[in-house]
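Asker: File upload-v5.cif below, mmCIF, C-alpha atoms:
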```cif
data_start
loop_
_atom_site.group_PDB
_atom_site.id
_atom_site.type_symbol
_atom_site.label_atom_id
_atom_site.label_comp_id
_atom_site.auth_asym_id
_atom_site.auth_seq_id
_atom_site.Cartn_x
_atom_site.Cartn_y
_atom_site.Cartn_z
ATOM 1 C CA MET A 1 0.000 0.000 0.000
ATOM 2 C CA ASN A 2 2.873 2.363 0.736
ATOM 3 C CA TYR A 3 4.265 1.790 -2.773
ATOM 4 C CA PHE A 4 0.941 2.728 -4.326
ATOM 5 C CA ARG A 5 0.645 5.827 -2.133
ATOM 6 C CA ALA A 6 4.196 6.855 -3.065
ATOM 7 C CA PHE A 7 3.384 6.455 -6.775
ATOM 8 C CA LEU A 8 0.106 8.335 -6.384
ATOM 9 C CA ASN A 9 1.869 11.315 -4.804
ATOM 10 C CA SER A 10 5.061 11.216 -6.874
ATOM 11 C CA PRO A 11 6.040 14.077 -9.240
ATOM 12 C CA VAL A 12 5.103 11.877 -12.230
ATOM 13 C CA GLY A 13 2.086 10.193 -10.666
ATOM 14 C CA PRO A 14 -1.536 10.261 -11.782
ATOM 15 C CA LYS A 15 -2.188 13.564 -10.021
ATOM 16 C CA THR A 16 0.027 15.400 -12.526
ATOM 17 C CA THR A 17 0.154 16.228 -16.212
ATOM 18 C CA HIS A 18 3.397 14.212 -16.376
ATOM 19 C CA PHE A 19 1.138 11.165 -16.214
ATOM 20 C CA TRP A 20 -2.018 12.162 -18.101
ATOM 21 C CA GLY A 21 -0.215 13.862 -20.989
ATOM 22 C CA PRO A 22 1.567 10.674 -22.050
ATOM 23 C CA MET A 23 -1.561 8.622 -21.475
ATOM 24 C CA ALA A 24 -3.414 10.835 -23.954
ATOM 25 C CA ASN A 25 -0.513 10.653 -26.437
ATOM 26 C CA TRP A 26 -0.793 6.870 -26.609
ATOM 27 C CA GLY A 27 -3.742 7.606 -28.879
ATOM 28 C CA PHE A 28 -1.242 8.589 -31.594
ATOM 29 C CA VAL A 29 0.461 5.226 -31.299
ATOM 30 C CA ILE A 30 -2.795 3.274 -31.364
ATOM 31 C CA SER A 31 -3.994 5.285 -34.352
ATOM 32 C CA GLY A 32 -0.736 4.674 -36.220
ATOM 33 C CA VAL A 33 -0.905 0.942 -35.584
ATOM 34 C CA MET A 34 -4.505 0.848 -36.784
ATOM 35 C CA ASP A 35 -3.546 2.839 -39.895
ATOM 36 C CA SER A 36 -0.919 0.259 -40.806
ATOM 37 C CA GLN A 37 -3.805 -1.951 -41.937
ATOM 38 C CA LYS A 38 -4.956 0.651 -44.467
ATOM 39 C CA PRO A 39 -3.619 0.827 -48.025
ATOM 40 C CA PRO A 40 -0.526 3.037 -48.474
ATOM 41 C CA ASP A 41 -2.318 5.457 -50.792
ATOM 42 C CA ALA A 42 -4.321 6.636 -47.749
ATOM 43 C CA ILE A 43 -1.134 7.802 -45.968
ATOM 44 C CA SER A 44 -0.363 11.505 -45.890
ATOM 45 C CA GLY A 45 3.379 11.971 -46.324
ATOM 46 C CA ASN A 46 3.224 15.499 -44.895
ATOM 47 C CA MET A 47 1.325 14.503 -41.763
ATOM 48 C CA THR A 48 3.498 11.452 -41.163
ATOM 49 C CA SER A 49 6.695 13.493 -41.429
ATOM 50 C CA VAL A 50 5.280 16.131 -39.073
ATOM 51 C CA LEU A 51 4.417 13.424 -36.531
ATOM 52 C CA CYS A 52 7.979 12.068 -36.812
ATOM 53 C CA VAL A 53 9.464 15.487 -36.038
ATOM 54 C CA TYR A 54 6.918 16.033 -33.251
ATOM 55 C CA SER A 55 7.827 12.745 -31.595
ATOM 56 C CA ILE A 56 11.566 13.426 -31.809
ATOM 57 C CA LEU A 57 11.119 16.832 -30.181
ATOM 58 C CA CYS A 58 8.895 15.402 -27.459
ATOM 59 C CA MET A 59 11.364 12.575 -26.786
ATOM 60 C CA ARG A 60 14.055 15.190 -26.180
ATOM 61 C CA PHE A 61 11.701 17.133 -23.905
ATOM 62 C CA ALA A 62 10.808 13.981 -21.954
ATOM 63 C CA TRP A 63 14.495 13.270 -21.414
ATOM 64 C CA MET A 64 15.468 16.816 -20.426
ATOM 65 C CA VAL A 65 12.547 17.714 -18.138
ATOM 66 C CA ARG A 66 12.999 17.163 -14.412
ATOM 67 C CA PRO A 67 11.863 14.717 -13.196
ATOM 68 C CA ARG A 68 12.523 12.660 -16.306
ATOM 69 C CA ASN A 69 9.294 11.500 -17.826
ATOM 70 C CA TYR A 70 9.965 7.921 -18.929
ATOM 71 C CA LEU A 71 6.297 7.325 -19.745
ATOM 72 C CA LEU A 72 6.310 10.216 -22.238
ATOM 73 C CA LEU A 73 9.642 9.037 -23.644
ATOM 74 C CA ALA A 74 8.295 5.512 -24.212
ATOM 75 C CA CYS A 75 5.125 6.872 -25.767
ATOM 76 C CA HIS A 76 6.958 9.042 -28.287
ATOM 77 C CA ALA A 77 9.597 6.404 -29.037
ATOM 78 C CA SER A 78 6.755 4.041 -29.896
ATOM 79 C CA ASN A 79 5.048 6.699 -31.988
ATOM 80 C CA GLU A 80 8.315 7.446 -33.800
ATOM 81 C CA SER A 81 8.665 3.767 -34.688
ATOM 82 C CA VAL A 82 5.105 3.533 -35.969
ATOM 83 C CA GLN A 83 5.353 6.759 -37.967
ATOM 84 C CA LEU A 84 8.681 5.772 -39.539
ATOM 85 C CA TYR A 85 7.086 2.501 -40.625
ATOM 86 C CA GLN A 86 4.162 4.415 -42.124
ATOM 87 C CA PHE A 87 6.556 6.835 -43.837
ATOM 88 C CA SER A 88 8.505 3.932 -45.356
ATOM 89 C CA ARG A 89 5.240 2.481 -46.683
ATOM 90 C CA TRP A 90 4.357 5.859 -48.190
ATOM 91 C CA ILE A 91 7.791 6.223 -49.855
ATOM 92 C CA LYS A 92 7.586 2.709 -51.325
ATOM 93 C CA HIS A 93 4.135 3.494 -52.677
ATOM 94 C CA GLN A 94 5.363 6.755 -54.232
ATOM 95 C CA ARG A 95 8.231 4.893 -55.931
ATOM 96 C CA TYR A 96 5.781 2.305 -57.224
ATOM 97 C CA LEU A 97 3.573 5.035 -58.665
ATOM 98 C CA SER A 98 6.486 6.783 -60.365
ATOM 99 C CA GLN A 99 7.701 3.485 -61.889
ATOM 100 C CA LYS A 100 4.164 2.742 -63.068
ATOM 101 C CA GLU A 101 3.971 6.168 -64.747
ATOM 102 C CA GLU A 102 7.349 5.607 -66.457
ATOM 103 C CA ASN A 103 6.171 2.261 -67.813
ATOM 104 C CA ILE A 104 2.954 3.799 -69.134
ATOM 105 C CA SER A 105 4.761 6.680 -70.842
ATOM 106 C CA SER A 106 7.378 4.388 -72.423
#
```
For this file, write the structure as structure tokens.

Answerer:
Amino acid sequence: MNYFRAFLNSPVGPKTTHFWGPMANWGFVISGVMDSQKPPDAISGNMTSVLCVYSILCMRFAWMVRPRNYLLLACHASNESVQLYQFSRWIKHQRYLSQKEENISS
């Protein structure tokens, strides 16, 4: 019980934004995983690249803030992984489209 009370009242516990902010950001990760089932032509390259930059910046923030927010760091590291996968799918699809156009015009 003392462990739970210590967590509850800690600087990164559920009474702070250091806890609820990362919990809300897990929605990005879940959304990215769900989007991996969609066809690559539905991926926005601009939005995916923005989410990659956003996650990198937030990972740095999570590491530099005191107390260190490991929950936020894990959330954005996961989101970075998912978004890089989505971005690679988008790039492969763009290459496929450009090769298809070259074959048609030849």

Asker: I'd like to know which of A:Ser44, A:Ser81, A:Asn69, A:Gln37 is closest to Pro11 (chain A), using only C-alpha atoms.

Answerer: A:Asn69

Asker: Check what the PyMOL selection byres ((chain A and resi 43) around 10) selects in the file above and give those residues as an NGL selection string.

Answerer: :A and (35-36 or 38-42 or 44-48 or 86-87 or 89-91 or 93)

Asker: Report, in Å with one decimal, the straight-line distance from CA of His18 (chain A) to CA of Cys58 (chain A).

Answerer: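 Computing the Euclidean distance for CA of His18 (chain A) and CA of Cys58 (chain A) yields 12.4 Å.
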
Asker: I'd like the residues picked by the PyMOL selection byres ((chain A and resi 32) around 10) written out as a compact mmCIF listing (two decimals) with C-alpha atoms, keeping the file's coordinate frame, using the chain letters and numbers from the file.

Answerer:
```txt
# COMPACT_ATOMS: atom_id res chain seq x y z
CA TRP A 26 -0.79 6.87 -26.61
CA GLY A 27 -3.74 7.61 -28.88
CA PHE A 28 -1.24 8.59 -31.59
CA VAL A 29 0.46 5.23 -31.30
CA ILE A 30 -2.80 3.27 -31.36
CA SER A 31 -3.99 5.28 -34.35
CA VAL A 33 -0.90 0.94 -35.58
CA MET A 34 -4.50 0.85 -36.78
CA ASP A 35 -3.55 2.84 -39.90
CA SER A 36 -0.92 0.26 -40.81
CA GLN A 37 -3.80 -1.95 -41.94
CA THR A 48 3.50 11.45 -41.16
CA SER A 78 6.76 4.04 -29.90
CA ASN A 79 5.05 6.70 -31.99
CA GLU A 80 8.32 7.45 -33.80
CA SER A 81 8.66 3.77 -34.69
CA VAL A 82 5.11 3.53 -35.97
CA GLN A 83 5.35 6.76 -37.97
CA TYR A 85 7.09 2.50 -40.62
CA GLN A 86 4.16 4.42 -42.12
```

Asker: Calculated over all atoms listed in the file, which of the candidates A:Leu57, A:Leu84, A:Leu71, A:Ala77 has the smallest distance to Val12 (chain A)?

Answerer: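 Of A:Leu57, A:Leu84, A:Leu71, A:Ala77, the one nearest Val12 (chain A), counting all atoms listed in the file, is A:Leu71.
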
Asker: What is the CA of Asn25 (chain A)-CA of Val50 (chain A) distance in Å, reported with one decimal?

Answerer: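 Between these atoms lies a distance of 14.9 Å.
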
Asker: To one decimal place in Å, what is the distance between CA of Gly21 (chain A) and CA of Ser55 (chain A)?

Answerer: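 So the two atoms, CA of Gly21 (chain A) and CA of Ser55 (chain A), lie 13.4 Å apart.
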
Asker: I'd like to know which of A:Val53, A:Ile104, A:Ala62, A:Lys92 is closest to Phe19 (chain A), using only C-alpha atoms.

Answerer: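 Closest residue, counting only C-alpha atoms: A:Ala62.
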
Asker: Would you give the centre and edge lengths, in Å to one decimal, of a box along x, y and z around the listed atoms of region 6-25 of chain A, with 8 Å added to each side, as AutoDock Vina command-line options?

Answerer:
```
--center_x 1.3 --center_y 11.3 --center_z -14.8 --size_x 25.5 --size_y 25.8 --size_z 39.4
```

Asker: Pick the closest to Ser49 (chain A) from A:Leu72, A:Ser88, A:Lys15, A:Arg66: which is it, counting all atoms listed in the file?

Answerer: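 That would be A:Ser88, the residue with the smallest distance to Ser49 (chain A).
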
Asker: Given the choices A:Gln99, A:His76, A:Gln94, A:Asn2, which gets closest to Trp63 (chain A) if the distance is worked out from all atoms listed in the file?

Answerer: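 Using all atoms listed in the file, the shortest distance to Trp63 (chain A) belongs to A:His76.
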
Asker: Out of A:Arg95, A:Asn103, A:Met23, A:Tyr3, which residue has the shortest atom-to-atom distance to Leu73 (chain A) when counting all atoms listed in the file?

Answerer: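 For Leu73 (chain A), the nearest of the given residues is A:Met23.
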